[in-house]
>>> print(open('work_28.cif').read())   # mmCIF, C-alpha atoms
data_structure
loop_
_atom_site.label_atom_id
_atom_site.label_comp_id
_atom_site.auth_asym_id
_atom_site.auth_seq_id
_atom_site.Cartn_x
_atom_site.Cartn_y
_atom_site.Cartn_z
CA MET A 100 -22.25 -153.76 -150.60
CA SER A 101 -20.60 -152.65 -153.81
CA LEU A 102 -17.17 -151.25 -154.55
CA LYS A 103 -18.18 -150.35 -158.10
CA GLY A 104 -16.74 -146.98 -159.08
CA LYS A 105 -14.81 -146.59 -155.80
CA SER A 106 -11.18 -145.47 -155.65
CA LEU A 107 -8.63 -147.06 -153.35
CA ILE A 108 -6.24 -144.39 -152.08
CA GLU A 109 -5.47 -145.71 -148.61
CA PRO A 110 -6.47 -148.91 -146.80
CA LEU A 111 -9.32 -147.40 -144.81
CA ASN A 112 -11.21 -146.46 -147.97
CA PHE A 113 -12.64 -149.97 -147.77
CA THR A 114 -14.41 -151.37 -144.72
CA VAL A 115 -13.32 -154.60 -143.07
CA ALA A 116 -16.35 -156.30 -144.64
CA GLU A 117 -15.46 -154.97 -148.09
CA MET A 118 -11.89 -156.21 -147.69
CA ASP A 119 -13.18 -159.61 -146.56
CA GLU A 120 -15.28 -159.81 -149.71
CA LEU A 121 -12.19 -159.01 -151.80
CA PHE A 122 -10.23 -161.75 -150.03
CA ASN A 123 -13.10 -164.21 -150.58
CA GLU A 124 -13.12 -163.34 -154.27
CA ALA A 125 -9.32 -163.68 -154.46
CA GLU A 126 -9.56 -167.14 -152.90
CA ARG A 127 -12.20 -168.14 -155.46
CA ILE A 128 -9.87 -166.92 -158.23
CA ILE A 129 -6.95 -168.90 -156.76
CA ALA A 130 -9.14 -172.02 -156.76
CA ASN A 131 -10.42 -171.60 -160.33
CA PRO A 132 -8.42 -168.98 -162.25
CA ARG A 133 -9.71 -170.12 -165.66
CA ASP A 134 -13.26 -169.17 -164.69
CA TYR A 135 -12.15 -165.53 -164.70
CA ALA A 136 -10.31 -165.49 -168.02
CA GLU A 137 -12.91 -163.28 -169.70
CA ALA A 138 -14.34 -161.47 -166.69
CA CYS A 139 -13.08 -158.05 -167.79
CA LYS A 140 -13.25 -158.51 -171.55
CA GLY A 141 -13.89 -155.13 -173.15
CA TYR A 142 -12.49 -153.15 -170.22
CA LEU A 143 -9.34 -151.06 -170.30
CA LEU A 144 -6.90 -150.47 -167.42
CA ALA A 145 -4.54 -147.45 -167.51
CA THR A 146 -1.25 -147.84 -165.66
CA LEU A 147 0.33 -144.46 -164.85
CA PHE A 148 3.73 -145.10 -163.35
CA TYR A 149 5.62 -141.88 -162.62
CA GLU A 150 8.15 -143.92 -160.65
CA PRO A 151 9.94 -147.12 -161.63
CA SER A 152 8.13 -150.29 -160.71
CA THR A 153 8.50 -153.86 -161.81
CA ARG A 154 6.46 -155.90 -159.42
CA THR A 155 3.43 -153.74 -158.86
CA ARG A 156 3.06 -152.75 -162.51
CA PHE A 157 3.55 -156.31 -163.74
CA SER A 158 1.18 -157.54 -161.07
CA PHE A 159 -1.58 -155.15 -162.18
CA GLU A 160 -0.95 -155.80 -165.85
CA ALA A 161 -0.92 -159.56 -165.34
CA ALA A 162 -4.09 -159.26 -163.28
CA MET A 163 -5.92 -157.35 -166.00
CA LEU A 164 -4.67 -159.61 -168.77
CA ARG A 165 -5.70 -162.72 -166.83
CA LEU A 166 -9.17 -161.18 -166.55
CA GLY A 167 -9.31 -160.77 -170.32
CA GLY A 168 -9.03 -156.98 -170.20
CA GLN A 169 -6.55 -154.69 -171.91
CA ILE A 170 -3.92 -152.19 -170.79
CA ILE A 171 -2.59 -148.78 -171.78
CA GLY A 172 -0.13 -146.61 -169.89
CA PHE A 173 3.40 -145.43 -169.29
CA SER A 174 6.12 -146.81 -167.08
CA GLU A 175 8.17 -143.66 -166.71
CA PRO A 176 7.00 -140.05 -167.03
CA ASN A 177 9.53 -139.01 -169.67
CA SER A 178 7.53 -140.90 -172.26
CA SER A 179 4.32 -138.99 -171.53
CA ALA A 180 2.88 -135.47 -171.51
CA VAL A 181 4.06 -135.28 -167.89
CA SER A 182 7.52 -134.44 -169.23
CA LYS A 183 5.93 -131.34 -170.78
CA GLY A 184 4.79 -130.22 -167.35
CA GLU A 185 1.22 -131.51 -167.37
CA SER A 186 -0.47 -131.61 -163.96
CA ILE A 187 -1.71 -134.82 -162.36
CA ALA A 188 -5.26 -133.48 -162.54
CA ASP A 189 -5.07 -132.87 -166.30
CA THR A 190 -3.40 -136.20 -166.99
CA ILE A 191 -6.04 -138.18 -165.11
CA ARG A 192 -8.92 -136.25 -166.72
CA THR A 193 -7.53 -137.17 -170.12
CA VAL A 194 -6.92 -140.80 -169.21
CA GLU A 195 -10.49 -141.00 -167.93
CA CYS A 196 -11.66 -140.36 -171.49
CA TYR A 197 -9.99 -143.57 -172.64
CA ALA A 198 -9.84 -146.08 -169.78
CA ASP A 199 -12.29 -147.62 -167.29
CA VAL A 200 -9.94 -147.72 -164.30
CA ALA A 201 -6.51 -146.24 -163.54
CA VAL A 202 -3.61 -147.44 -161.43
CA MET A 203 -1.16 -144.75 -160.44
CA ARG A 204 2.25 -144.66 -158.79
CA HIS A 205 3.81 -141.27 -158.12
CA PRO A 206 6.71 -140.06 -155.96
CA LYS A 207 4.66 -137.34 -154.27
CA GLU A 208 2.58 -138.12 -151.20
CA GLY A 209 -1.12 -137.50 -151.77
CA SER A 210 -0.82 -137.70 -155.57
CA ALA A 211 -3.35 -140.53 -155.90
CA MET A 212 -5.82 -138.56 -153.83
CA VAL A 213 -5.48 -135.62 -156.21
CA ALA A 214 -6.09 -137.98 -159.13
CA ALA A 215 -9.19 -139.45 -157.52
CA MET A 216 -10.56 -136.01 -156.68
CA SER A 217 -10.00 -134.84 -160.26
CA SER A 218 -11.87 -137.69 -161.95
CA ASP A 219 -15.05 -139.75 -161.74
CA PHE A 220 -13.65 -143.20 -162.45
CA PRO A 221 -11.87 -145.55 -160.04
CA VAL A 222 -8.28 -144.65 -159.25
CA ILE A 223 -6.10 -147.21 -157.49
CA ASN A 224 -3.08 -145.98 -155.58
CA ALA A 225 -0.06 -148.11 -156.44
CA GLY A 226 2.20 -146.11 -154.12
CA ASP A 227 2.34 -142.37 -153.43
CA GLY A 228 5.87 -141.56 -152.27
CA GLY A 229 6.57 -142.82 -148.77
CA HIS A 230 2.91 -142.50 -147.84
CA HIS A 231 0.62 -145.43 -148.72
CA HIS A 232 0.49 -148.55 -150.84
CA PRO A 233 -2.96 -150.04 -150.18
CA THR A 234 -2.84 -152.84 -152.75
CA GLN A 235 0.36 -154.12 -151.15
CA THR A 236 -1.66 -154.16 -147.93
CA LEU A 237 -4.35 -156.26 -149.62
CA THR A 238 -1.55 -158.57 -150.73
CA ASP A 239 -0.05 -158.76 -147.24
CA LEU A 240 -3.39 -159.35 -145.56
CA LEU A 241 -4.45 -162.04 -148.02
CA THR A 242 -1.13 -163.83 -147.47
CA ILE A 243 -1.57 -163.73 -143.69
CA ARG A 244 -5.21 -164.80 -143.97
CA LEU A 245 -4.38 -167.80 -146.15
CA ARG A 246 -2.06 -169.07 -143.39
CA HIS A 247 -3.71 -167.90 -140.17
CA GLY A 248 -7.35 -167.61 -141.21
CA ASN A 249 -7.75 -164.21 -139.56
CA PHE A 250 -5.72 -161.31 -138.18
CA ASN A 251 -6.77 -161.24 -134.55
CA ASN A 252 -4.23 -161.54 -131.73
CA LEU A 253 -1.20 -161.68 -134.02
CA THR A 254 2.17 -160.25 -132.99
CA VAL A 255 3.46 -158.48 -136.07
CA GLY A 256 7.07 -157.35 -136.27
CA MET A 257 7.96 -154.68 -138.80
CA CYS A 258 11.63 -154.24 -139.49
CA GLY A 259 13.83 -151.82 -141.43
CA ASP A 260 12.71 -148.57 -142.96
CA LEU A 261 9.53 -147.72 -141.08
CA LYS A 262 9.83 -144.03 -141.88
CA PHE A 263 9.61 -144.05 -145.67
CA GLY A 264 8.20 -147.57 -146.00
CA ARG A 265 4.74 -146.88 -147.39
CA THR A 266 3.78 -150.55 -147.22
CA VAL A 267 4.41 -150.46 -143.47
CA HIS A 268 2.24 -147.37 -142.97
CA SER A 269 -0.64 -148.90 -144.89
CA LEU A 270 -0.37 -152.28 -143.19
CA ILE A 271 -0.34 -150.75 -139.71
CA ARG A 272 -3.39 -148.66 -140.55
CA ALA A 273 -5.25 -151.73 -141.83
CA LEU A 274 -4.25 -154.07 -138.97
CA LEU A 275 -5.31 -151.54 -136.33
CA ARG A 276 -8.91 -152.43 -137.19
CA TYR A 277 -8.51 -155.99 -135.93
CA THR A 278 -8.64 -157.24 -132.34
CA GLY A 279 -5.57 -157.89 -130.24
CA VAL A 280 -2.92 -157.16 -132.86
CA ARG A 281 0.43 -156.33 -131.25
CA PHE A 282 3.04 -154.40 -133.19
CA VAL A 283 6.78 -154.71 -132.66
CA LEU A 284 8.50 -151.92 -134.57
CA ILE A 285 12.15 -152.67 -135.24
CA SER A 286 14.24 -149.87 -136.74
CA PRO A 287 17.11 -147.49 -136.10
CA ASP A 288 16.11 -144.14 -134.60
CA GLU A 289 16.45 -142.40 -137.96
CA LEU A 290 13.91 -144.71 -139.63
CA LYS A 291 11.18 -144.88 -136.99
CA VAL A 292 7.55 -144.52 -138.08
CA PRO A 293 6.54 -140.94 -138.92
CA ASP A 294 4.53 -138.85 -136.48
CA TYR A 295 1.19 -139.41 -138.17
CA VAL A 296 1.58 -143.19 -137.90
CA ARG A 297 2.65 -142.82 -134.26
CA GLU A 298 -0.52 -140.78 -133.72
CA GLU A 299 -2.61 -143.61 -135.21
CA LEU A 300 -0.85 -146.10 -132.92
CA LYS A 301 -1.92 -144.21 -129.79
CA GLY A 302 -3.84 -146.64 -127.62
CA ALA A 303 -2.62 -149.65 -129.63
CA ASN A 304 -0.36 -152.37 -128.28
CA PHE A 305 3.05 -151.59 -129.72
CA THR A 306 6.70 -151.57 -128.74
CA GLU A 307 9.75 -150.10 -130.45
CA THR A 308 13.17 -151.67 -130.45
CA GLN A 309 16.40 -151.74 -132.42
CA ASP A 310 17.13 -155.40 -131.62
CA LEU A 311 15.64 -157.81 -134.15
CA THR A 312 17.22 -160.92 -132.62
CA ALA A 313 15.82 -160.26 -129.16
CA VAL A 314 12.19 -159.99 -130.30
CA MET A 315 12.29 -162.80 -132.86
CA PRO A 316 10.72 -165.51 -130.58
CA GLU A 317 7.64 -163.34 -129.98
CA LEU A 318 6.64 -162.83 -133.60
CA ASP A 319 3.86 -164.47 -135.63
CA VAL A 320 4.63 -162.31 -138.64
CA LEU A 321 7.90 -160.59 -139.54
CA TYR A 322 7.51 -157.89 -142.19
CA MET A 323 10.96 -157.06 -143.56
CA THR A 324 11.50 -153.91 -145.62
CA ARG A 325 14.23 -152.53 -147.81
CA VAL A 326 16.00 -149.29 -146.92
CA GLN A 327 15.07 -147.31 -150.03
CA ARG A 328 17.88 -145.29 -151.58
CA GLU A 329 15.37 -143.20 -153.58
CA ARG A 330 13.73 -141.80 -150.43
CA PHE A 331 16.93 -140.26 -149.04
CA PHE A 332 17.99 -136.71 -149.81
CA ASN A 333 21.44 -137.59 -148.48
CA GLU A 334 23.43 -140.57 -149.87
CA GLU A 335 25.58 -140.75 -146.73
CA ASP A 336 22.55 -141.47 -144.56
CA TYR A 337 21.47 -144.23 -146.92
CA VAL A 338 24.88 -145.89 -146.88
CA ARG A 339 25.04 -145.71 -143.10
CA LEU A 340 21.63 -147.33 -142.61
CA LYS A 341 21.19 -149.76 -145.48
CA ASP A 342 22.82 -152.83 -143.91
CA ARG A 343 21.44 -152.36 -140.42
CA TYR A 344 19.11 -155.37 -140.50
CA ILE A 345 19.85 -158.56 -142.38
CA LEU A 346 17.66 -161.57 -141.69
CA ASP A 347 19.57 -164.83 -141.98
CA MET A 348 19.15 -168.42 -140.78
CA ASP A 349 21.06 -167.62 -137.63
CA LYS A 350 18.47 -165.04 -136.59
CA LEU A 351 15.62 -167.36 -137.59
CA GLN A 352 16.85 -170.04 -135.18
CA ASN A 353 14.90 -168.58 -132.28
CA ALA A 354 11.75 -167.85 -134.26
CA LYS A 355 8.46 -169.77 -134.04
CA GLU A 356 7.93 -172.59 -136.50
CA SER A 357 4.69 -170.86 -137.49
CA LEU A 358 6.36 -167.51 -138.20
CA MET A 359 5.63 -165.93 -141.58
CA VAL A 360 8.39 -163.82 -143.11
CA LEU A 361 6.89 -161.28 -145.48
CA HIS A 362 8.56 -158.71 -147.70
CA PRO A 363 6.93 -156.38 -150.23
CA LEU A 364 9.92 -156.92 -152.55
CA PRO A 365 12.19 -156.03 -154.22
CA ARG A 366 14.76 -157.22 -151.73
CA VAL A 367 18.36 -156.09 -151.80
CA ASN A 368 20.24 -157.81 -148.98
CA GLU A 369 17.95 -157.45 -145.98
CA ILE A 370 16.95 -161.10 -146.28
CA ALA A 371 19.81 -163.52 -146.97
CA VAL A 372 19.16 -165.78 -149.94
CA GLU A 373 19.61 -168.83 -147.65
CA VAL A 374 16.29 -167.92 -146.00
CA ASP A 375 14.35 -168.40 -149.26
CA ASP A 376 14.14 -172.17 -148.83
CA ASP A 377 12.84 -171.98 -145.28
CA PRO A 378 9.09 -172.72 -145.14
CA ARG A 379 8.61 -169.58 -143.08
CA ALA A 380 9.68 -167.41 -146.03
CA VAL A 381 6.49 -166.57 -147.92
CA TYR A 382 7.49 -163.47 -149.88
CA PHE A 383 7.38 -165.04 -153.31
CA GLN A 384 4.00 -166.60 -152.60
CA GLN A 385 3.03 -163.14 -151.35
CA ALA A 386 3.89 -161.67 -154.77
CA LYS A 387 1.63 -164.24 -156.45
CA ASN A 388 -1.18 -163.49 -154.02
CA GLY A 389 -0.79 -159.84 -154.99
CA MET A 390 -1.82 -160.62 -158.53
CA TYR A 391 -4.89 -162.54 -157.39
CA VAL A 392 -6.09 -159.90 -154.97
CA ARG A 393 -5.55 -157.21 -157.64
CA MET A 394 -7.72 -159.28 -159.98
CA ALA A 395 -10.42 -159.27 -157.32
CA LEU A 396 -9.96 -155.53 -156.81
CA ILE A 397 -10.18 -154.64 -160.52
CA MET A 398 -13.35 -156.70 -160.85
CA ALA A 399 -14.86 -155.08 -157.76
CA VAL A 400 -14.25 -151.45 -158.76
CA LEU A 401 -15.50 -152.19 -162.30
CA GLY A 402 -18.58 -153.88 -160.86
CA VAL A 403 -17.81 -157.12 -162.73
CA LYS A 404 -19.06 -160.45 -161.41
CA VAL A 405 -18.45 -164.01 -162.55
CA MET B 1421 -3.46 -94.29 -123.72
CA THR B 1422 -7.05 -93.72 -124.83
CA ILE B 1423 -8.63 -95.41 -127.83
CA GLU B 1424 -12.17 -94.46 -128.72
CA GLY B 1425 -14.91 -97.07 -128.81
CA ILE B 1426 -16.52 -97.87 -132.14
CA GLY B 1427 -20.16 -97.32 -133.05
CA ASN B 1428 -20.54 -100.22 -135.47
CA GLY B 1429 -18.12 -103.02 -136.19
CA ILE B 1430 -16.18 -105.76 -134.49
CA VAL B 1431 -13.81 -105.85 -131.53
CA ILE B 1432 -11.47 -108.81 -131.25
CA ASP B 1433 -10.36 -108.92 -127.64
CA HIS B 1434 -8.05 -111.15 -125.60
CA ILE B 1435 -5.75 -111.94 -128.51
CA ARG B 1436 -2.62 -113.51 -127.17
CA ALA B 1437 -0.03 -110.76 -126.81
CA GLY B 1438 2.16 -110.61 -129.88
CA PHE B 1439 -0.27 -112.35 -132.23
CA GLY B 1440 -2.47 -109.37 -133.08
CA ILE B 1441 -0.31 -108.49 -136.06
CA LYS B 1442 -0.84 -111.99 -137.47
CA VAL B 1443 -4.59 -111.69 -136.99
CA LEU B 1444 -4.57 -108.35 -138.78
CA GLY B 1445 -2.67 -109.90 -141.66
CA TYR B 1446 -5.17 -112.74 -142.10
CA LEU B 1447 -8.15 -110.41 -141.83
CA GLY B 1448 -6.70 -108.37 -144.64
CA ALA B 1449 -7.38 -105.21 -142.66
CA THR B 1450 -5.51 -102.42 -144.41
CA GLY B 1451 -7.15 -99.41 -142.78
CA LYS B 1452 -7.41 -97.81 -146.19
CA SER B 1453 -11.15 -97.24 -145.93
CA ASP B 1454 -12.58 -97.73 -142.45
CA THR B 1455 -10.92 -97.11 -139.14
CA VAL B 1456 -8.83 -99.91 -137.63
CA ALA B 1457 -7.41 -99.68 -134.11
CA PHE B 1458 -4.67 -102.10 -133.13
CA ILE B 1459 -3.57 -102.20 -129.52
CA MET B 1460 -0.54 -104.24 -128.53
CA ASN B 1461 0.38 -105.39 -125.03
CA ALA B 1462 -2.71 -103.98 -123.31
CA PRO B 1463 -3.02 -104.97 -119.63
CA SER B 1464 -5.20 -108.08 -119.17
CA LYS B 1465 -6.89 -109.65 -116.15
CA LYS B 1466 -6.87 -113.14 -117.71
CA HIS B 1467 -3.28 -113.00 -118.91
CA SER B 1468 -0.80 -110.32 -118.04
CA ARG B 1469 -0.90 -108.82 -121.57
CA LYS B 1470 -3.15 -109.03 -124.61
CA ASP B 1471 -3.67 -107.52 -128.06
CA ILE B 1472 -6.93 -105.93 -129.17
CA ILE B 1473 -8.21 -105.10 -132.66
CA LYS B 1474 -11.15 -102.81 -133.39
CA LEU B 1475 -12.58 -102.80 -136.89
CA GLU B 1476 -15.10 -100.10 -137.69
CA ASN B 1477 -18.01 -100.85 -140.07
CA THR B 1478 -16.99 -104.51 -140.45
CA ASN B 1479 -19.46 -107.31 -139.80
CA ASP B 1480 -18.14 -110.33 -141.64
CA LEU B 1481 -15.00 -112.11 -140.50
CA ASP B 1482 -13.52 -115.48 -141.35
CA LEU B 1483 -13.85 -116.95 -137.87
CA THR B 1484 -12.31 -120.21 -139.10
CA VAL B 1485 -8.98 -118.52 -139.60
CA LEU B 1486 -9.35 -116.55 -136.42
CA GLY B 1487 -10.12 -119.72 -134.44
CA LEU B 1488 -6.90 -121.28 -135.67
CA ILE B 1489 -4.73 -118.27 -134.93
CA ASP B 1490 -6.08 -117.74 -131.44
CA HIS B 1491 -9.15 -119.67 -130.32
CA ASN B 1492 -8.97 -118.00 -126.89
CA ALA B 1493 -9.69 -114.57 -128.36
CA THR B 1494 -13.21 -113.17 -128.11
CA VAL B 1495 -15.18 -111.46 -130.85
CA ASN B 1496 -17.67 -108.75 -129.91
CA VAL B 1497 -20.10 -107.45 -132.53
CA ILE B 1498 -20.94 -103.79 -131.95
CA LYS B 1499 -24.04 -101.98 -133.18
CA ASN B 1500 -24.91 -98.44 -132.12
CA HIS B 1501 -22.13 -98.55 -129.51
CA GLU B 1502 -23.65 -101.67 -127.88
CA ILE B 1503 -22.33 -105.24 -127.84
CA VAL B 1504 -25.06 -107.21 -129.64
CA ASP B 1505 -23.24 -110.51 -130.00
CA LYS B 1506 -20.30 -112.27 -128.34
CA ILE B 1507 -18.81 -115.02 -130.42
CA LYS B 1508 -16.83 -117.82 -128.81
CA LEU B 1509 -14.09 -119.10 -131.04
CA SER B 1510 -12.96 -122.68 -131.35
CA LEU B 1511 -10.33 -124.60 -133.27
CA PRO B 1512 -11.76 -125.18 -136.77
CA GLU B 1513 -12.24 -128.72 -138.04
CA LYS B 1514 -10.76 -127.91 -141.43
CA VAL B 1515 -8.72 -125.03 -142.81
CA THR B 1516 -7.93 -124.34 -146.43
CA ASN B 1517 -5.00 -122.25 -147.61
CA VAL B 1518 -4.19 -121.05 -144.11
CA ILE B 1519 -1.55 -123.60 -143.11
CA ARG B 1520 0.88 -124.43 -145.90
CA CYS B 1521 2.20 -127.98 -145.99
CA LYS B 1522 5.96 -127.93 -145.46
CA ASN B 1523 6.55 -131.56 -146.41
CA PRO B 1524 8.72 -131.41 -149.54
CA ARG B 1525 7.37 -134.83 -150.54
CA CYS B 1526 3.75 -133.65 -150.47
CA VAL B 1527 1.85 -133.34 -153.74
CA THR B 1528 0.97 -129.75 -152.80
CA SER B 1529 4.61 -128.89 -153.58
CA ILE B 1530 4.05 -129.58 -157.30
CA GLU B 1531 0.33 -129.37 -158.01
CA SER B 1532 -1.81 -126.20 -158.08
CA ILE B 1533 -4.19 -127.29 -155.34
CA SER B 1534 -5.39 -125.91 -152.03
CA HIS B 1535 -3.40 -126.63 -148.89
CA THR B 1536 -6.03 -128.29 -146.73
CA PHE B 1537 -5.54 -129.40 -143.13
CA GLN B 1538 -7.98 -131.41 -141.02
CA ARG B 1539 -8.05 -131.42 -137.23
CA VAL B 1540 -7.01 -134.72 -135.65
CA GLY B 1541 -9.87 -135.69 -133.31
CA ASP B 1542 -10.33 -133.16 -130.51
CA SER B 1543 -6.64 -132.30 -130.37
CA ASP B 1544 -4.84 -129.12 -131.35
CA THR B 1545 -3.04 -131.04 -134.09
CA TYR B 1546 -3.86 -130.85 -137.80
CA HIS B 1547 -2.91 -133.20 -140.62
CA CYS B 1548 -2.45 -132.43 -144.28
CA VAL B 1549 -5.28 -134.22 -146.07
CA TYR B 1550 -2.88 -135.25 -148.85
CA CYS B 1551 0.30 -136.44 -147.12
CA ASP B 1552 -0.84 -136.68 -143.44
CA ASP B 1553 2.01 -134.43 -142.28
CA LEU B 1554 1.17 -133.17 -138.79
CA VAL B 1555 1.33 -129.63 -137.51
CA LYS B 1556 0.34 -128.21 -134.12
CA ALA B 1557 -1.87 -125.14 -134.14
CA ASP B 1558 0.65 -123.62 -131.72
CA ALA B 1559 3.59 -124.34 -133.99
CA TYR B 1560 1.74 -122.68 -136.80
CA LEU B 1561 1.52 -119.51 -134.69
CA LYS B 1562 5.26 -119.30 -134.14
#
>>> encode(input="work_28.cif", output="structure tokens")
Amino acid sequence: MSLKGKSLIEPLNFTVAEMDELFNEAERIIANPRDYAEACKGYLLATLFYEPSTRTRFSFEAAMLRLGGQIIGFSEPNSSAVSKGESIADTIRTVECYADVAVMRHPKEGSAMVAAMSSDFPVINAGDGGHHHPTQTLTDLLTIRLRHGNFNNLTVGMCGDLKFGRTVHSLIRALLRYTGVRFVLISPDELKVPDYVREELKGANFTETQDLTAVMPELDVLYMTRVQRERFFNEEDYVRLKDRYILDMDKLQNAKESLMVLHPLPRVNEIAVEVDDDPRAVYFQQAKNGMYVRMALIMAVLGVKV
Amino acid sequence: MTIEGIGNGIVIDHIRAGFGIKVLGYLGATGKSDTVAFIMNAPSKKHSRKDIIKLENTNDLDLTVLGLIDHNATVNVIKNHEIVDKIKLSLPEKVTNVIRCKNPRCVTSIESISHTFQRVGDSDTYHCVYCDDLVKADAYLK
């Protein structure tokens, strides 16, 4: 089994076994990070961020730097040839001449797929519009695995913007491959999962509700999401929906002691700051895990072993 | 009304009434060279009405497109005034540049690439291979 040269566009590009191997590698890195300090020496990662990003870009850059590799890239398209109207295909073909692996975030859905189809080196999707964010899924799954050991028979609540929340779409797709996972989808009508995700959920164990408090005692994992201003064409809709779900200590009262509260971050106000100190809040640990699993991913697609 | 049979060519029969004009459009049949007969609202035993297209001296058709537009239509290949082949249509697994993705967030809205849709399982639903937007074959016909 080798992921060398493979692109990661959506979670199902990797098999369950391949993901397990990534998680195993990430756990080895967590245990002995210094052993990996020169694993990718001589390799170059290109970060192509057509959309603002702090966490994901920093996470990838930190991952590559901690592996001893180097980085080139742009963090907003106005500073690149993209502002001159260059296509994604042309940009990636050019970047391929310089770098060994590319990470791309773009506001259009399917953009990473176009990049992967237009090049012969590994392309990693760091978010394509409201579509997918597979490395966030790796992060989420690793965080759950570190606590629960596996993913089977979990009741996973997903709350907030399930329509444009690409991390939700990717996580559902990935979790559907495990046994006995039950989904509780918590959102207003306007932000329910899109039709293609609903299609994927056919035959799965899932319920939809608008009442977060009522379902709280059932959950093993609560995945909170931000209502994203940048995904709305209409500001009024955003304002009307943005404060719909706010997780606070009052709501957590009826939750299991073993609950994990995850969030892909950044958070605005959907999780009250008072929740941060509760042991069930794992979103900052989740961000750290993201760096480790991205280290494992970069090594895997470059075919590097320690 | 009497329409003559054709000696060599293709007859597309049992097209859902009202959709013949769409079929003609996708076949690119202009009638500038060979004879094309287009019959609308002909009486039908299967359905109450149907459209029929007869294309003289034509033997190659993009059945993929035809299957998407109306997979219940039948294609008869005519040689020397005899039917030599009856082709059963089915919904194609993949279509390129037939359905256009209408999702304004899809990469096809900015990049010069083909609009490609893949059938979802055995259903009559297709998804854009780039953004996963769903479209029903029926909706596409409307």
>>> resolve_selection(input="work_28.cif", expression="the PyMOL selection byres ((chain B) within 8 of (chain A))", output="PyMOL selection string")
chain B and resi 1525-1527+1531+1547+1549-1554
>>> residues_near_point(input="work_28.cif", point="(1.3, -118.5, -127.0)", cutoff="10 Å", atoms="only C-alpha atoms", output="list in words")
Ile1435, Arg1436, Ala1437, Gly1438, Phe1439, Ile1489, Asp1490, Asp1558, Ala1559, Leu1561 and Lys1562 of chain B
>>> atom_distance(input="work_28.cif", atom1="atom CA of B:His1434", atom2="atom CA of B:Pro1463")
10.0 Å
>>> resolve_selection(input="work_28.cif", expression="the PyMOL selection byres ((chain A and resi 134) around 12)", output="PyMOL selection string")
chain A and resi 124+127-133+135-139+165-167+404-405
>>> write_last_selection(input="work_28.cif", atoms="C-alpha atoms", output="mmCIF file, in the coordinates of the input")
data_model
loop_
_atom_site.group_PDB
_atom_site.id
_atom_site.type_symbol
_atom_site.label_atom_id
_atom_site.label_comp_id
_atom_site.auth_asym_id
_atom_site.auth_seq_id
_atom_site.Cartn_x
_atom_site.Cartn_y
_atom_site.Cartn_z
ATOM 1 C CA GLU A 124 -13.120 -163.340 -154.270
ATOM 2 C CA ARG A 127 -12.200 -168.140 -155.460
ATOM 3 C CA ILE A 128 -9.870 -166.920 -158.230
ATOM 4 C CA ILE A 129 -6.950 -168.900 -156.760
ATOM 5 C CA ALA A 130 -9.140 -172.020 -156.760
ATOM 6 C CA ASN A 131 -10.420 -171.600 -160.330
ATOM 7 C CA PRO A 132 -8.420 -168.980 -162.250
ATOM 8 C CA ARG A 133 -9.710 -170.120 -165.660
ATOM 9 C CA TYR A 135 -12.150 -165.530 -164.700
ATOM 10 C CA ALA A 136 -10.310 -165.490 -168.020
ATOM 11 C CA GLU A 137 -12.910 -163.280 -169.700
ATOM 12 C CA ALA A 138 -14.340 -161.470 -166.690
ATOM 13 C CA CYS A 139 -13.080 -158.050 -167.790
ATOM 14 C CA ARG A 165 -5.700 -162.720 -166.830
ATOM 15 C CA LEU A 166 -9.170 -161.180 -166.550
ATOM 16 C CA GLY A 167 -9.310 -160.770 -170.320
ATOM 17 C CA LYS A 404 -19.060 -160.450 -161.410
ATOM 18 C CA VAL A 405 -18.450 -164.010 -162.550
#
>>> closest_residue(input="work_28.cif", among="A:Leu318, A:Leu240, A:Met216, A:Met163", to="A:Thr254", atoms="all atoms listed in the file")
A:Leu318
>>> closest_residue(input="work_28.cif", among="B:Ile1507, B:Ile1432, B:Ile1530, B:Leu1447", to="B:Asp1471", atoms="all atoms listed in the file")
B:Ile1432
>>> resolve_selection(input="work_28.cif", expression="the PyMOL selection byres ((chain B and resi 1546) around 9)", output="number ranges by chain")
B: 1513-1514, 1537-1541, 1543-1545, 1547-1548, 1552-1557
>>> write_last_selection(input="work_28.cif", atoms="C-alpha atoms", output="PDB file, in the frame of the given file")
ATOM      1  CA  GLU B1513     -12.240-128.720-138.040  1.00  0.00           C
ATOM      2  CA  LYS B1514     -10.760-127.910-141.430  1.00  0.00           C
ATOM      3  CA  PHE B1537      -5.540-129.400-143.130  1.00  0.00           C
ATOM      4  CA  GLN B1538      -7.980-131.410-141.020  1.00  0.00           C
ATOM      5  CA  ARG B1539      -8.050-131.420-137.230  1.00  0.00           C
ATOM      6  CA  VAL B1540      -7.010-134.720-135.650  1.00  0.00           C
ATOM      7  CA  GLY B1541      -9.870-135.690-133.310  1.00  0.00           C
ATOM      8  CA  SER B1543      -6.640-132.300-130.370  1.00  0.00           C
ATOM      9  CA  ASP B1544      -4.840-129.120-131.350  1.00  0.00           C
ATOM     10  CA  THR B1545      -3.040-131.040-134.090  1.00  0.00           C
ATOM     11  CA  HIS B1547      -2.910-133.200-140.620  1.00  0.00           C
ATOM     12  CA  CYS B1548      -2.450-132.430-144.280  1.00  0.00           C
ATOM     13  CA  ASP B1552      -0.840-136.680-143.440  1.00  0.00           C
ATOM     14  CA  ASP B1553       2.010-134.430-142.280  1.00  0.00           C
ATOM     15  CA  LEU B1554       1.170-133.170-138.790  1.00  0.00           C
ATOM     16  CA  VAL B1555       1.330-129.630-137.510  1.00  0.00           C
ATOM     17  CA  LYS B1556       0.340-128.210-134.120  1.00  0.00           C
ATOM     18  CA  ALA B1557      -1.870-125.140-134.140  1.00  0.00           C
TER      19      ALA B1557
END
